[in-house]
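Chemist: My structure file data_34.csv, CSV, C-alpha atoms and all ligand atoms, is below:
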```
chain,number,residue,atom,x,y,z
B,1,MET,CA,158.5,-27.2,-32.9
B,2,ALA,CA,160.4,-26.7,-29.7
B,3,GLU,CA,158.9,-23.3,-28.8
B,4,ASN,CA,155.3,-24.1,-29.9
B,5,VAL,CA,154.5,-25.2,-26.4
B,6,VAL,CA,155.6,-23.2,-23.4
B,7,ILE,CA,155.4,-24.4,-19.8
B,8,THR,CA,154.4,-21.3,-17.8
B,9,GLN,CA,154.4,-22.8,-14.3
B,10,GLY,CA,155.2,-26.0,-12.5
B,11,ARG,CA,154.6,-26.6,-8.8
B,12,TYR,CA,154.2,-29.5,-6.4
B,13,LEU,CA,150.6,-29.7,-5.4
B,14,THR,CA,150.0,-32.8,-3.2
B,15,SER,CA,150.7,-36.4,-2.5
B,16,ALA,CA,148.3,-39.3,-2.1
B,17,VAL,CA,148.1,-42.9,-1.1
B,18,LYS,CA,144.3,-43.1,-1.1
B,19,LYS,CA,141.4,-41.6,-3.0
B,20,GLU,CA,140.5,-39.0,-0.3
B,21,GLN,CA,143.9,-37.4,-0.9
B,22,TYR,CA,143.6,-36.8,-4.6
B,23,PRO,CA,143.4,-33.1,-5.6
B,24,GLU,CA,140.1,-31.5,-5.1
B,25,ILE,CA,140.3,-29.4,-8.2
B,26,ARG,CA,139.9,-31.7,-11.2
B,27,ARG,CA,142.2,-31.3,-14.2
B,28,LYS,CA,143.5,-33.5,-16.9
B,29,GLU,CA,146.2,-35.9,-15.7
B,30,ILE,CA,149.2,-37.4,-17.4
B,31,VAL,CA,150.9,-40.1,-15.4
B,32,PHE,CA,154.4,-41.5,-15.4
B,33,ILE,CA,155.0,-45.1,-14.6
B,34,GLY,CA,158.0,-47.4,-14.7
B,35,ARG,CA,160.5,-49.4,-12.8
B,36,SER,CA,162.3,-47.7,-9.9
B,37,ASN,CA,165.2,-45.6,-11.1
B,38,VAL,CA,164.1,-45.5,-14.7
B,39,GLY,CA,163.9,-41.7,-14.6
B,40,LYS,CA,160.3,-40.7,-14.0
B,41,SER,CA,161.0,-37.9,-11.6
B,42,SER,CA,163.9,-36.7,-13.7
B,43,LEU,CA,161.7,-36.6,-16.8
B,44,ILE,CA,159.1,-34.4,-14.9
B,45,ASN,CA,161.9,-31.9,-14.0
B,46,SER,CA,163.2,-31.9,-17.6
B,47,LEU,CA,159.7,-31.4,-19.1
B,48,THR,CA,158.8,-28.5,-16.8
B,49,ARG,CA,162.3,-27.1,-16.6
B,50,VAL,CA,161.7,-26.5,-12.9
B,51,HIS,CA,164.8,-27.5,-11.1
B,52,GLN,CA,164.2,-30.2,-8.4
B,53,LEU,CA,160.5,-30.0,-8.8
B,54,ALA,CA,160.3,-33.8,-8.4
B,55,ARG,CA,162.8,-35.4,-6.0
B,56,VAL,CA,165.4,-37.5,-7.8
B,57,SER,CA,167.8,-40.1,-6.4
B,58,SER,CA,170.4,-42.5,-7.6
B,59,GLN,CA,169.0,-45.0,-5.1
B,60,PRO,CA,165.9,-46.8,-6.4
B,61,GLY,CA,162.7,-46.4,-4.5
B,62,LYS,CA,162.8,-42.6,-4.0
B,63,THR,CA,159.2,-41.8,-4.9
B,64,GLN,CA,156.8,-43.5,-2.5
B,65,THR,CA,153.5,-41.7,-3.0
B,66,ILE,CA,151.4,-40.6,-5.9
B,67,ASN,CA,152.6,-37.0,-6.4
B,68,PHE,CA,150.6,-34.4,-8.3
B,69,TYR,CA,152.3,-31.5,-10.0
B,70,GLU,CA,150.2,-28.6,-11.2
B,71,ILE,CA,151.5,-27.4,-14.6
B,72,GLY,CA,150.4,-24.5,-16.8
B,73,ALA,CA,151.0,-24.5,-20.5
B,74,LYS,CA,150.5,-22.2,-23.5
B,75,VAL,CA,150.7,-22.9,-27.2
B,76,ALA,CA,151.7,-20.5,-29.9
B,77,ASP,CA,148.9,-18.2,-31.3
B,78,ASN,CA,146.6,-19.0,-28.4
B,79,PRO,CA,146.5,-16.5,-25.4
B,80,GLU,CA,144.8,-19.0,-23.2
B,81,ARG,CA,146.7,-20.9,-20.5
B,82,ARG,CA,145.7,-24.4,-19.6
B,83,ASP,CA,146.4,-26.1,-16.3
B,84,PHE,CA,146.8,-29.8,-15.9
B,85,TYR,CA,148.5,-32.3,-13.6
B,86,LEU,CA,151.6,-34.4,-14.2
B,87,VAL,CA,151.5,-37.4,-11.9
B,88,ASP,CA,154.6,-39.1,-10.6
B,89,LEU,CA,154.3,-42.6,-9.3
B,90,PRO,CA,156.5,-44.8,-7.2
B,91,GLY,CA,158.5,-47.3,-9.3
B,92,TYR,CA,157.6,-50.9,-9.6
B,93,GLY,CA,159.9,-53.9,-9.6
B,94,TYR,CA,162.3,-52.7,-7.0
B,95,ALA,CA,164.0,-55.9,-5.8
B,96,LYS,CA,164.5,-54.7,-2.2
B,97,THR,CA,160.9,-53.9,-1.8
B,98,GLY,CA,159.3,-56.8,0.2
B,99,ALA,CA,156.2,-58.7,-0.9
B,100,ALA,CA,154.0,-56.8,1.6
B,101,ARG,CA,155.1,-53.5,0.2
B,102,ARG,CA,154.6,-54.6,-3.4
B,103,ARG,CA,151.0,-55.5,-2.6
B,104,THR,CA,150.4,-52.1,-1.0
B,105,TRP,CA,152.0,-50.6,-4.1
B,106,SER,CA,149.7,-52.4,-6.5
B,107,ARG,CA,146.7,-51.7,-4.4
B,108,PHE,CA,147.0,-47.9,-4.3
B,109,ILE,CA,148.4,-47.5,-7.7
B,110,ASN,CA,145.9,-49.7,-9.3
B,111,GLU,CA,143.1,-47.9,-7.5
B,112,TYR,CA,144.4,-44.6,-8.9
B,113,LEU,CA,144.9,-45.8,-12.4
B,114,LEU,CA,141.5,-47.5,-12.6
B,115,SER,CA,139.4,-44.8,-10.9
B,116,SER,CA,140.8,-41.6,-12.2
B,117,GLU,CA,138.3,-40.1,-14.6
B,118,ASP,CA,140.8,-37.4,-15.6
B,119,LEU,CA,143.6,-39.6,-16.6
B,120,GLN,CA,144.4,-38.8,-20.3
B,121,PHE,CA,147.2,-41.3,-21.0
B,122,VAL,CA,150.0,-43.1,-19.2
B,123,CYS,CA,153.7,-42.6,-20.1
B,124,GLN,CA,155.4,-45.9,-19.4
B,125,LEU,CA,159.1,-45.4,-19.1
B,126,ILE,CA,161.5,-48.1,-20.0
B,127,ASP,CA,165.3,-47.8,-19.9
B,128,ILE,CA,166.5,-47.7,-23.5
B,129,ARG,CA,169.7,-49.5,-22.7
B,130,HIS,CA,168.3,-52.7,-21.5
B,131,GLU,CA,166.0,-55.5,-22.6
B,132,PRO,CA,162.6,-54.7,-20.9
B,133,MET,CA,162.1,-56.7,-17.8
B,134,ASP,CA,159.1,-59.1,-17.2
B,135,SER,CA,157.6,-56.5,-14.9
B,136,ASP,CA,157.7,-53.9,-17.8
B,137,VAL,CA,155.9,-56.3,-20.1
B,138,GLU,CA,153.4,-57.2,-17.5
B,139,MET,CA,152.7,-53.6,-16.7
B,140,PHE,CA,152.3,-52.7,-20.4
B,141,ARG,CA,149.8,-55.6,-20.9
B,142,TRP,CA,147.9,-54.6,-17.8
B,143,LEU,CA,147.5,-51.0,-19.0
B,144,VAL,CA,146.4,-52.1,-22.5
B,145,ASN,CA,144.0,-54.7,-21.0
B,146,HIS,CA,142.4,-52.0,-18.9
B,147,ASN,CA,142.0,-49.7,-22.0
B,148,LEU,CA,144.4,-47.1,-20.7
B,149,PRO,CA,146.2,-45.3,-23.6
B,150,VAL,CA,150.0,-45.8,-23.2
B,151,LEU,CA,152.9,-43.8,-24.6
B,152,VAL,CA,156.1,-45.8,-24.2
B,153,ILE,CA,159.2,-43.7,-23.6
B,154,GLY,CA,162.7,-45.0,-23.8
B,155,THR,CA,164.7,-43.2,-21.1
B,156,LYS,CA,168.4,-42.3,-20.6
B,157,ALA,CA,168.9,-42.0,-24.3
B,158,ASP,CA,172.1,-39.9,-23.7
B,159,LYS,CA,173.8,-43.0,-22.4
B,160,VAL,CA,173.9,-44.7,-25.7
B,161,SER,CA,174.9,-43.9,-29.3
B,162,LYS,CA,172.5,-42.9,-32.0
B,163,ASN,CA,172.7,-46.5,-33.2
B,164,GLY,CA,172.1,-47.7,-29.6
B,165,VAL,CA,168.9,-45.6,-29.5
B,166,SER,CA,167.5,-47.4,-32.6
B,167,GLN,CA,168.5,-50.7,-31.2
B,168,GLY,CA,166.9,-49.9,-27.9
B,169,ILE,CA,163.6,-48.9,-29.5
B,170,ALA,CA,163.6,-52.1,-31.7
B,171,ARG,CA,164.2,-54.2,-28.6
B,172,ILE,CA,161.4,-52.5,-26.6
B,173,LYS,CA,158.9,-53.0,-29.5
B,174,GLN,CA,159.9,-56.6,-29.8
B,175,SER,CA,159.5,-57.3,-26.1
B,176,LEU,CA,156.2,-55.7,-25.9
B,177,GLY,CA,155.1,-57.6,-29.0
B,178,ILE,CA,153.9,-54.6,-31.0
B,179,PRO,CA,156.1,-53.9,-34.1
B,180,GLU,CA,154.2,-50.7,-35.0
B,181,LEU,CA,154.4,-49.2,-31.5
B,182,ASP,CA,155.7,-45.6,-31.3
B,183,VAL,CA,158.5,-45.5,-28.8
B,184,LEU,CA,159.8,-42.0,-27.9
B,185,PRO,CA,163.4,-41.8,-26.9
B,186,TYR,CA,164.1,-39.3,-24.1
B,187,SER,CA,167.1,-37.9,-22.3
B,188,SER,CA,166.5,-35.8,-19.2
B,189,VAL,CA,170.1,-34.8,-19.3
B,190,LYS,CA,170.0,-33.4,-22.8
B,191,ASN,CA,166.3,-32.7,-22.9
B,192,SER,CA,166.0,-34.7,-26.1
B,193,GLY,CA,162.4,-35.9,-26.8
B,194,ARG,CA,161.1,-33.0,-24.7
B,195,ALA,CA,159.6,-31.0,-27.7
B,196,GLU,CA,157.9,-34.1,-29.0
B,197,LEU,CA,156.4,-35.1,-25.6
B,198,LEU,CA,155.3,-31.5,-24.9
B,199,GLN,CA,153.5,-31.5,-28.3
B,200,VAL,CA,151.7,-34.8,-27.4
B,201,ILE,CA,150.7,-33.3,-24.1
B,202,ALA,CA,149.5,-30.0,-25.6
B,203,ASP,CA,147.4,-31.8,-28.2
B,204,CYS,CA,145.7,-33.5,-25.4
B,205,ILE,CA,145.2,-30.7,-22.9
B,206,PHE,CA,144.1,-28.2,-25.6
B,207,ASP,CA,141.6,-30.7,-27.1
B,208,ASP,CA,138.1,-29.7,-26.0
B,209,HIS,CA,136.4,-32.4,-27.8
B,210,GLU,CA,135.2,-34.3,-24.8
B,211,GLU,CA,133.8,-31.3,-23.0
B,212,ASN,CA,131.8,-30.2,-26.0
B,213,GLU,CA,130.1,-33.5,-26.5
V,301,LIG,N1,172.2,-40.1,-17.9
V,301,LIG,C1,170.9,-40.0,-17.5
V,301,LIG,N2,170.6,-40.3,-16.2
V,301,LIG,C2,169.3,-40.2,-15.8
V,301,LIG,C3,168.2,-39.8,-16.8
V,301,LIG,N3,167.0,-39.8,-16.1
V,301,LIG,C4,167.3,-40.1,-14.8
V,301,LIG,N4,168.6,-40.4,-14.7
V,301,LIG,C5,169.3,-40.8,-13.4
V,301,LIG,O1,168.7,-42.0,-12.9
V,301,LIG,C6,168.5,-42.0,-11.5
V,301,LIG,C7,167.1,-42.2,-11.1
V,301,LIG,O2,166.3,-41.1,-11.6
V,301,LIG,P1,164.8,-40.8,-10.9
V,301,LIG,O3,164.3,-39.7,-11.8
V,301,LIG,O4,164.9,-40.5,-9.5
V,301,LIG,O5,164.1,-42.2,-11.2
V,301,LIG,P2,162.6,-42.6,-10.8
V,301,LIG,O6,162.1,-43.4,-11.9
V,301,LIG,O7,161.8,-41.4,-10.4
V,301,LIG,O8,162.9,-43.5,-9.5
V,301,LIG,P3,161.9,-43.9,-8.3
V,301,LIG,O9,161.3,-42.7,-7.7
V,301,LIG,O10,162.8,-44.6,-7.3
V,301,LIG,O11,160.9,-44.9,-8.8
V,301,LIG,C8,169.1,-40.6,-11.0
V,301,LIG,O12,170.4,-40.9,-10.6
V,301,LIG,C9,169.0,-39.8,-12.3
V,301,LIG,O13,170.0,-38.7,-12.3
V,301,LIG,C10,168.6,-39.5,-18.1
V,301,LIG,O14,167.8,-39.2,-19.0
V,301,LIG,N5,170.0,-39.6,-18.4
V,302,MG,MG,160.8,-41.0,-8.6
```
Write the structure described by the file as structure tokens, please.
Modeler:
Amino acid sequence: MAENVVITQGRYLTSAVKKEQYPEIRRKEIVFIGRSNVGKSSLINSLTRVHQLARVSSQPGKTQTINFYEIGAKVADNPERRDFYLVDLPGYGYAKTGAARRRTWSRFINEYLLSSEDLQFVCQLIDIRHEPMDSDVEMFRWLVNHNLPVLVIGTKADKVSKNGVSQGIARIKQSLGIPELDVLPYSSVKNSGRAELLQVIADCIFDDHEENE
């Protein structure tokens, strides 16, 4: 499965804090959301295999704008390349972020999430090692309540044992209150989960159903 989907290019396109700054050329978008430091930017680098495409930091609060990355992908037995956007967001729930800043955050992020017509699904990242925080549960419910499809990803899977991964997934499902939820474990250090996530993305960007309707 790993080589069924190939990323042919990945480059930073633009950053936005308001609508006028979204990319002019419309493409399908897949967005990454999660607490500060959970590993959103690292996952984008792992997925594209473009070193330092998204800026990573051990200090939470690194990403402060909506960052659009233009990605090209091909799938086996299909000569056509498809271009799409991976969208990196600032993290939520950063304790040092003041109330004013949190309000600004929610304003521009909510505006983006609710107004983008090209948004395909939201990858919500939750640290697999810990019990999801209230902010994670609130964000998940908010997305579901706004009919945004969510794929939950358990990050930093390399930091726990195989057993720890299963426990982490069970804990996430329980906290979010959906026992049958699919949670994808991911490690940006080992690139585990990458082939599975690429397949989900490829299924979506090579699906022409909507356009043909
Ligand atoms: N071991 C391990 N460390 C990781 C993994 N993913 C991210 N990290 C580390 O976690 C820290 C935060 O990673 P980022 O990718 O910057 O996190 P972010 O979610 O983009 O953070 P903000 O931009 O602040 O919201 C960095 O020190 C990364 O090296 C992973 O899969 N495994
Ligand atoms: Mg980041």
Chemist: For range 103-116 of chain B, find every residue with an atom within 8 Å (counting all atoms listed in the file), except residues of its own chain fewer than 6 positions away, and show them as a CSV table (one decimal) with C-alpha atoms, in the coordinates of the input.
Modeler:
```csv
chain,number,residue,atom,x,y,z
B,17,VAL,CA,148.1,-42.9,-1.1
B,18,LYS,CA,144.3,-43.1,-1.1
B,19,LYS,CA,141.4,-41.6,-3.0
B,66,ILE,CA,151.4,-40.6,-5.9
B,89,LEU,CA,154.3,-42.6,-9.3
B,90,PRO,CA,156.5,-44.8,-7.2
B,92,TYR,CA,157.6,-50.9,-9.6
B,146,HIS,CA,142.4,-52.0,-18.9
```
Chemist: Write out, as a Markdown table, each residue of chain B that has an atom at most 8 Å from ligand LIG 301 (chain V), together with the closest pair of atoms and their distance in Å to one decimal, counting all atoms listed in the file, rows going by chain and rising number.
Modeler:
```
| residue | atom | partner | partner_atom | distance |
| --- | --- | --- | --- | --- |
| B:Ile33 | CA | V:LIG301 | O6 | 7.8 |
| B:Gly34 | CA | V:LIG301 | O6 | 6.4 |
| B:Arg35 | CA | V:LIG301 | O11 | 6.0 |
| B:Ser36 | CA | V:LIG301 | O11 | 3.3 |
| B:Asn37 | CA | V:LIG301 | O8 | 3.5 |
| B:Val38 | CA | V:LIG301 | O6 | 4.0 |
| B:Gly39 | CA | V:LIG301 | O5 | 3.4 |
| B:Lys40 | CA | V:LIG301 | O6 | 3.9 |
| B:Ser41 | CA | V:LIG301 | O3 | 3.8 |
| B:Ser42 | CA | V:LIG301 | O3 | 3.6 |
| B:Leu43 | CA | V:LIG301 | N3 | 6.2 |
| B:Ala54 | CA | V:LIG301 | O3 | 7.9 |
| B:Arg55 | CA | V:LIG301 | O4 | 6.5 |
| B:Val56 | CA | V:LIG301 | O4 | 3.5 |
| B:Ser57 | CA | V:LIG301 | O4 | 4.3 |
| B:Ser58 | CA | V:LIG301 | O12 | 3.4 |
| B:Gln59 | CA | V:LIG301 | O10 | 6.6 |
| B:Pro60 | CA | V:LIG301 | O10 | 3.9 |
| B:Gly61 | CA | V:LIG301 | O10 | 3.3 |
| B:Lys62 | CA | V:LIG301 | O10 | 3.9 |
| B:Thr63 | CA | V:LIG301 | O9 | 3.6 |
| B:Gln64 | CA | V:LIG301 | O9 | 6.9 |
| B:Asp88 | CA | V:LIG301 | O7 | 7.6 |
| B:Leu89 | CA | V:LIG301 | O11 | 7.0 |
| B:Pro90 | CA | V:LIG301 | O11 | 4.7 |
| B:Gly91 | CA | V:LIG301 | O11 | 3.4 |
| B:Tyr92 | CA | V:LIG301 | O11 | 6.9 |
| B:Thr155 | CA | V:LIG301 | O14 | 5.5 |
| B:Lys156 | CA | V:LIG301 | O14 | 3.5 |
| B:Ala157 | CA | V:LIG301 | O14 | 6.1 |
| B:Asp158 | CA | V:LIG301 | N5 | 5.7 |
| B:Lys159 | CA | V:LIG301 | N1 | 5.6 |
| B:Tyr186 | CA | V:LIG301 | O14 | 6.3 |
| B:Ser187 | CA | V:LIG301 | O14 | 3.6 |
| B:Ser188 | CA | V:LIG301 | O14 | 3.6 |
| B:Val189 | CA | V:LIG301 | N5 | 4.9 |
| B:Lys190 | CA | V:LIG301 | O14 | 7.3 |
| B:Asn191 | CA | V:LIG301 | O14 | 7.7 |
```
Chemist: Go ahead and save the residues from that selection, with C-alpha atoms, as a compact mmCIF listing (two decimals), in the frame of the given file.
Modeler:
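Output (again_36.txt):
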```
# COMPACT_ATOMS: atom_id res chain seq x y z
CA ILE B 33 155.00 -45.10 -14.60
CA GLY B 34 158.00 -47.40 -14.70
CA ARG B 35 160.50 -49.40 -12.80
CA SER B 36 162.30 -47.70 -9.90
CA ASN B 37 165.20 -45.60 -11.10
CA VAL B 38 164.10 -45.50 -14.70
CA GLY B 39 163.90 -41.70 -14.60
CA LYS B 40 160.30 -40.70 -14.00
CA SER B 41 161.00 -37.90 -11.60
CA SER B 42 163.90 -36.70 -13.70
CA LEU B 43 161.70 -36.60 -16.80
CA ALA B 54 160.30 -33.80 -8.40
CA ARG B 55 162.80 -35.40 -6.00
CA VAL B 56 165.40 -37.50 -7.80
CA SER B 57 167.80 -40.10 -6.40
CA SER B 58 170.40 -42.50 -7.60
CA GLN B 59 169.00 -45.00 -5.10
CA PRO B 60 165.90 -46.80 -6.40
CA GLY B 61 162.70 -46.40 -4.50
CA LYS B 62 162.80 -42.60 -4.00
CA THR B 63 159.20 -41.80 -4.90
CA GLN B 64 156.80 -43.50 -2.50
CA ASP B 88 154.60 -39.10 -10.60
CA LEU B 89 154.30 -42.60 -9.30
CA PRO B 90 156.50 -44.80 -7.20
CA GLY B 91 158.50 -47.30 -9.30
CA TYR B 92 157.60 -50.90 -9.60
CA THR B 155 164.70 -43.20 -21.10
CA LYS B 156 168.40 -42.30 -20.60
CA ALA B 157 168.90 -42.00 -24.30
CA ASP B 158 172.10 -39.90 -23.70
CA LYS B 159 173.80 -43.00 -22.40
CA TYR B 186 164.10 -39.30 -24.10
CA SER B 187 167.10 -37.90 -22.30
CA SER B 188 166.50 -35.80 -19.20
CA VAL B 189 170.10 -34.80 -19.30
CA LYS B 190 170.00 -33.40 -22.80
CA ASN B 191 166.30 -32.70 -22.90
```
Chemist: Need to verify the contact set: Ile178 in chain B, 12 Å, only C-alpha atoms, exclusion of same-chain residues closer than 2 positions in sequence. Can you return it as a list in words?
Modeler: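 The residues satisfying every condition are Val137, Phe140, Arg141, Val144, Val152, Ile169, Ala170, Arg171, Ile172, Lys173, Gln174, Ser175, Leu176, Glu180, Leu181, Asp182 and Val183 of chain B.
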Chemist: Distance CA of Ile201 in chain B-CA of Asp83 in chain B, one decimal place?
Modeler: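 CA of Asp83 in chain B lies 11.5 Å from CA of Ile201 in chain B.
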Chemist: Using only C-alpha atoms, can you tell me which of B:Arg26, B:Ala195, B:Val75, B:Asn67 comes closest to Asp207 in chain B?
Modeler: B:Val75
Chemist: Using all atoms listed in the file, which of B:Ser192, B:Thr65, B:Gln120, B:Gln167 sits nearest ligand MG 302 (chain V)?
Modeler: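 Nearest to ligand MG 302 (chain V): B:Thr65.
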